[in-house]
8 protein chains.
Amino acid sequence: MSKPFLAILMGSDSDLPVMTAAVDVLRSLDVEFEIKVSSAHRTPVQTHDYVKDADARGAVAFICAAGMAAHLAGAVAANTTKPVIGVPINSSLDGLDALLSTVQMPGGIPVATVAIGKAGAKNAAYLGAQIMAVGDADLAERLKQERQANTDSIVAKDAALQDKLKNGEL
Amino acid sequence: MSKPFLAILMGSDSDLPVMTAAVDVLRSLDVEFEIKVSSAHRTPVQTHDYVKDADARGAVAFICAAGMAAHLAGAVAANTTKPVIGVPINSSLDGLDALLSTVQMPGGIPVATVAIGKAGAKNAAYLGAQIMAVGDADLAERLKQERQANTDSIVAKDAALQDKLKNGEL
Amino acid sequence: MSKPFLAILMGSDSDLPVMTAAVDVLRSLDVEFEIKVSSAHRTPVQTHDYVKDADARGAVAFICAAGMAAHLAGAVAANTTKPVIGVPINSSLDGLDALLSTVQMPGGIPVATVAIGKAGAKNAAYLGAQIMAVGDADLAERLKQERQANTDSIVAKDAALQDKLKNGEL
Amino acid sequence: MSKPFLAILMGSDSDLPVMTAAVDVLRSLDVEFEIKVSSAHRTPVQTHDYVKDADARGAVAFICAAGMAAHLAGAVAANTTKPVIGVPINSSLDGLDALLSTVQMPGGIPVATVAIGKAGAKNAAYLGAQIMAVGDADLAERLKQERQANTDSIVAKDAALQDKLKNGEL
Amino acid sequence: MSKPFLAILMGSDSDLPVMTAAVDVLRSLDVEFEIKVSSAHRTPVQTHDYVKDADARGAVAFICAAGMAAHLAGAVAANTTKPVIGVPINSSLDGLDALLSTVQMPGGIPVATVAIGKAGAKNAAYLGAQIMAVGDADLAERLKQERQANTDSIVAKDAALQDKLKNGEL
Amino acid sequence: MSKPFLAILMGSDSDLPVMTAAVDVLRSLDVEFEIKVSSAHRTPVQTHDYVKDADARGAVAFICAAGMAAHLAGAVAANTTKPVIGVPINSSLDGLDALLSTVQMPGGIPVATVAIGKAGAKNAAYLGAQIMAVGDADLAERLKQERQANTDSIVAKDAALQDKLKNGEL
Amino acid sequence: MSKPFLAILMGSDSDLPVMTAAVDVLRSLDVEFEIKVSSAHRTPVQTHDYVKDADARGAVAFICAAGMAAHLAGAVAANTTKPVIGVPINSSLDGLDALLSTVQMPGGIPVATVAIGKAGAKNAAYLGAQIMAVGDADLAERLKQERQANTDSIVAKDAALQDKLKNGEL
Amino acid sequence: MSKPFLAILMGSDSDLPVMTAAVDVLRSLDVEFEIKVSSAHRTPVQTHDYVKDADARGAVAFICAAGMAAHLAGAVAANTTKPVIGVPINSSLDGLDALLSTVQMPGGIPVATVAIGKAGAKNAAYLGAQIMAVGDADLAERLKQERQANTDSIVAKDAALQDKLKNGEL
């Protein structure tokens with residue numbers, strides 16, 4: 001079995017510009033990952049085979065991004081008992097269709113759904129890392145540091161705003 | 001290969017009270033059908049195997065009923081190039097989640113979606129029969145007769161209303 | 001009676017840029033079709049007469065595209081017992097009005113509804129071809145080949161992504 | 001030509017319990033009306049013929065009630081240039097489907113849409129009477145009196161509430 | 001009392017680009033109208049006074065356009081028993097807020113609501129003219145001619161499409 | 001000028017069962033209030049006159065409850081520069097129509113909107129009291145005590161749950 | 001304790017372009033305010049500490065702007081019994097997610113919610129000033145003058161429109 | 001540090017009837033858990049303190065259930081870098097408000113959202129167990145067995161349906 005990793009699937013290569021946000025987060029956290037274009041509807045056999053293989057090779061969790069009637073996360077969840085994270089992509093109806101298709105899973109087959117679009121792509125990566133950190137204390141520590149850095153950046157933005165106010169620039 | 005038939009799948013046996021409306025229509029039209037509980041998420045292998053087998057045995061079209069993140073019709077459509085009809089079942093959000101999960105399929109994998117709930121169950125049966133009638137002139141004729149009977153029943157209801165009005169019962 | 005064909009109706013010529021996606025699919029599958037601008041509201045007589053005529057001349061199914069309070073598919077379905085496919089066009093409210101106006105048909109008069117917009121236009125063509133293939137084994141075979149090509153294109157896109165990853169281009 | 005009247009159509013006799021609210025208002029205002037069950041989808045010929053006939057016989061306006069993909073008002077509006085009032089009936093999705101199917105008419109074919117359900121049924125009657133009052137000064141006067149009575153009833157309800165408050169019954 | 005006319009109110013002068021569509025229709029039908037910027041919320045007194053005055057001077061109906069929590073039509077309807085037509089303007093939430101604020105009037109105070117935006121602006125004008133035509137046979141005739149011209153223009157667009165198809169330009 | 005008070009208006013006496021939740025909160029906080037049935041649409045003059053009068057007599061803020069196309073809060077806000085609180089009542093579409101009609105006010109005429117239904121009725125009372133407390137330090141203190149009591153009640157509910165768990169009753 | 005002031009919090013500095021509309025209103029009304037970037041999720045400690053501190057220093061009310069799952073206003077309301085105003089920012093789903101996350105507060109913890117986006121930002125400032133005016137008669141007077149100016153500007157816009165009409169420029 | 005456990009929080013004890021579905025799943029999987037009533041808005045200090053304490057004592061993940069403007073999961077996520085699962089409870093608007101308030105988290109603070117109501121409560125437990133299984137191979141095995149049992153139960157339900165069909169009981 002290989003090193004623990006996260007397996008990212010996208011239903012279409014048009015989802016890549018959104019999902020690079022997840023890739024960036026995982027790289028910044030030094031998390032191993034694979035990323036693949038594979039469709040629940042157009043390549044069901046390849047999707048099934050990849051999930052079974054990745055699961056066996058040590059995938060800790062799956063991240064699945066899809067738009068419209070977004071079935072990819074559900075189709076993956078049907079073939080593994082590892083955690084599956086779903087990212088609804090906005091390609092119609094502001095992404096509401098993708099959100100409902102991803103989150104409203106029947107009892108027994110959970111999909112951990114995050115926000116629509118880029119914010120969701122980032123959070124899928126953070127959530128995947130949090131799950132991986134259950135068995136990786138170093139990663140857990142890096143997540144805490146990243147959170148602190150996030151806090152610091154907001155504090156810095158506020159400081160910049162206060163400066164602007166003092167200088168009458170607002 | 002067996003006689004042409006329609007293959008009905010339901011994601012849960014709790015969908016049966018809705019789908020009996022489809023069964024009743026098919027029986028009234030003398031259309032062969034099979035009906036099966038099989039879930040996209042909980043029995044993906046059985047669903048896949050049944051679709052491949054039914055397709056080979058002469059299924060003309062598939063009717064798939066599911067609620068919430070209703071993936072069943074899409075999962076069936078991914079495994080056949082026969083027409084697949086989707087019936088959104090209302091088990092949450094007034095059925096809007098099931099409707100969007102069924103109808104918003106990506107290009108290349110159509111699902112012929114009908115109305116939410118019992119009206120949709122009936123119409124799935126009529127639509128399945130209309131599709132089967134492409135190769136069955138007798139069924140095409142029965143469909144015309146049934147349509148006329150439907151028209152006649154509305155006309156009769158109006159006649160009853162006019163009687164009530166004349167008799168001052170409204 | 002002429003050769004079997006699909007009859008496409010659009011409620012407005014402004015729907016044409018969306019519906020060319022259907023035309024392209026039908027041409028690639030070598031399916032006969034007619035395409036017509038005819039409105040349920042503005043040319044009700046012409047719509048009625050065309051449907052009756054096309055039905056008699058051998059139309060296998062109808063594809064109807066309309067936006068807003070999209071009644072065209074329902075108006076056609078009221079005048080034929082052939083399968084009627086509805087394509088909701090997005091011209092307001094993200095197409096939700098057109099979707100609900102098309103799909104929520106009362107029991108007895110089905111409309112086979114596909115996704116909003118261009119994906120739906122494509123899928124209307126595939127679904128129409130699937131229905132026509134009930135009586136045309138060659139077309140059924142072409143549909144299987146097209147599906148395989150669709151699968152192959154996703155596999156190729158994934159291969160390209162894997163190359164990018166290996167080359168550090170992502 | 002007969003006396004001026006309002007022509008009420010319902011897509012189904014199941015709409016009658018809602019539409020009796022319209023009947024009651026019209027009777028209280030002493031407005032002539034006809035009421036008919038006639039469906040855009042199931043009796044399109046009868047609907048068309050009745051509209052043409054009623055229009056010729058002196059119908060001042062049409063009131064059309066329907067649920068789901070509510071096309072009745074639009075189908076009537078396509079066949080007359082008299083005012084057409086649409087009442088969305090709630091039989092699914094809280095009536096949102098019927099509302100959008102009724103109100104979102106394309107330019108050129110207006111439908112005067114009122115609220116979903118019983119409040120809409122009442123208001124369709126008031127609106128129909130207001131339209132008829134364009135040519136009937138007595139009716140215009142009765143409408144003003146009815147409005148005043150409506151105002152008085154709210155004032156009376158408030159008076160009752162103030163009494164309750166004084167008596168410590170709230 | 002002046003000649004019969006339609007009174008158009010807009011809640012904001014930013015609604016004018018949409019409402020010019022109504023102006024164009026009324027001018028093409030040779031219908032008298034007044035048009036005014038007056039807000040239910042920002043100029044309630046002026047709105048009230050104008051409605052009372054216009055009503056007394058012979059306004060046949062009112063057309064009210066507003067966005068967001070669109071109360072203008074309702075505020076006008078509260079002060080007249082003449083027909084009031086509401087045009088929901090899209091300035092947020094795709095116009096759904098304006099639609100619901102306009103159409104969902106309580107029993108007794110109808111607002112004849114038309115589609116969101118430009119299509120609604122046109123239809124408000126047609127509907128206003130249809131109402132005025134109750135007492136103006138010439139206008140009724142012009143409305144029939146305009147309807148026929150609308151039909152003819154769709155027929156012409158279809159003819160152009162058929163030419164394109166014959167010439168292989170599609 | 002009388003003692004400071006909150007002025008509650010309801011569009012219909014059918015809103016009273018919901019609004020008693022506000023009355024109960026105000027009584028528990030010992031806040032003076034008036035409560036009145038007055039409709040934006042059916043008693044516009046009475047509503048206008050009451051608002052002007054209450055404003056002059058020392059009303060600190062207004063609380064307005066209405067359903068459907070809920071214009072009451074907006075109509076009140078148009079006639080005062082005191083704070084106006086809007087409570088959307090659910091009488092159709094789960095209260096979404098009332099919410100949007102209340103909250104989506106144009107710039108310049110704010111309505112402080114709270115949740116749909118009973119929770120909103122309570123919160124309108126708390127918010128009204130918070131506003132009154134700007135000029136009433138005793139009331140400010142009572143609000144803090146009530147908040148603490150609210151906290152304590154949740155803590156007590158949790159303690160009860162922990163007891164149940166220990167006793168194996170869950 | 002400092003002079004009375006309004007405390008504005010934004011969940012992200014990307015909300016600033018919207019919230020400058022509030023700043024402009026407050027400056028035009030000569031209302032003291034503080035404005036701060038502070039996130040319910042990313043700087044919960046800083047948010048908590050600022051609210052407690054501002055409350056103690058004399059903040060009369062809080063204005064909180066946030067998008068998506070907009071928790072900022074609720075998080076502030078949980079830590080003060082001063083009035084809290086919530087501005088839903090549109091950064092996804094047309095702002096519907098932010099609106100519902102802000103307004104649907106449980107009983108006991110009110111958030112005075114205003115419209116989505118810029119109109120809401122303005123109205124938050126007006127509402128905040130109205131609340132502050134409970135204890136500041138001069139500000140109450142300035143609010144009345146501003147309202148009159150707002151009315152005058154609409155009247156002027158209408159006058160400009162009437163001029164255009166007379167000059168045949170419309 | 002105690003044994004690994006899941007920490008369940010509910011915003012109100014009225015959520016308990018829904019969340020017992022989670023309790024039942026966790027017990028059937030032999031997973032340690034704590035369950036607590038604690039509100040983001042009414043007991044923010046207690047919620048904060050519990051999260052910090054549970055995190056330190058070895059909580060592997062948090063499950064948070066809340067309705068309306070459901071902030072509990074977000075408030076917990078703001079105070080830990082452990083995985084947080086959100087269960088939207090339906091107490092208004094069919095649960096759509098709770099869903100959007102839970103899932104639409106900004107980048108950096110993920111909440112793993114599951115379906116609205118009872119299905120979501122079950123899936124929160126399965127997902128929590130899947131996350132815990134990252135460090136517990138025995139639990140991973142139990143999850144596989146439970147999944148197989150779930151599959152078997154659907155297969156059994158289908159077998160029962162087939163029996164009914166053979167016996168003419170459908």
# chains A, B, ... in the order shown; residues from 1 in each chain; ligands from 1
>>> closest_atom_pairs(of="chain G", to="chain H", cutoff="6 Å", atoms="only C-alpha atoms", output="CSV")
residue,atom,partner,partner_atom,distance
G:His41,CA,H:Ala78,CA,4.6
G:Met68,CA,H:Gln104,CA,5.3
G:Ala69,CA,H:Ser101,CA,4.5
G:Ala78,CA,H:His41,CA,4.6
G:Asp97,CA,H:Leu100,CA,5.4
G:Leu100,CA,H:Asp97,CA,5.4
G:Ser101,CA,H:Ala69,CA,4.5
G:Gln104,CA,H:Ala69,CA,4.8
G:Met105,CA,H:Ala69,CA,5.3
>>> residues_around(residues="Pro4 in chain C", least_positions_apart="3", cutoff="10 Å", atoms="only C-alpha atoms", output="list in words")
Met1, Ala7, Val31, Glu32, Phe33, Arg57, Gly58, Ala59, Val60, Ala61, Met132, Gly135 and Asp136 of chain C
>>> select_by_dssp(residues="range 31-170 of chain C", states="strand (DSSP E)", output="list in words")
Phe33, Glu34, Ile35, Lys36, Val37, Ala59, Val60, Ala61, Phe62, Ile63, Cys64, Ala65, Ala66, Gly67, Val84, Ile85, Gly86, Val87, Pro88, Ile89, Ala112 and Thr113 of chain C
>>> residues_around(residues="range 140-150 of chain D", least_positions_apart="5", cutoff="8 Å", atoms="only C-alpha atoms", output="PyMOL selection string")
(chain D and resi 29+129-130+133-134) or (chain E and resi 81+108) or (chain F and resi 42)
>>> atom_distance(atom1="CA of Arg27 in chain C", atom2="CA of Ile116 in chain C")
21.4 Å
>>> closest_residue(among="G:Ala137, G:Ile35, G:Cys64, G:Val155", to="Val114 in chain G", atoms="only C-alpha atoms")
G:Cys64
>>> select_by_dssp(residues="chain A", states="alpha helix (DSSP H)", output="number ranges by chain")
A: 16-28, 44-57, 72-77, 96-103, 118-132, 137-166
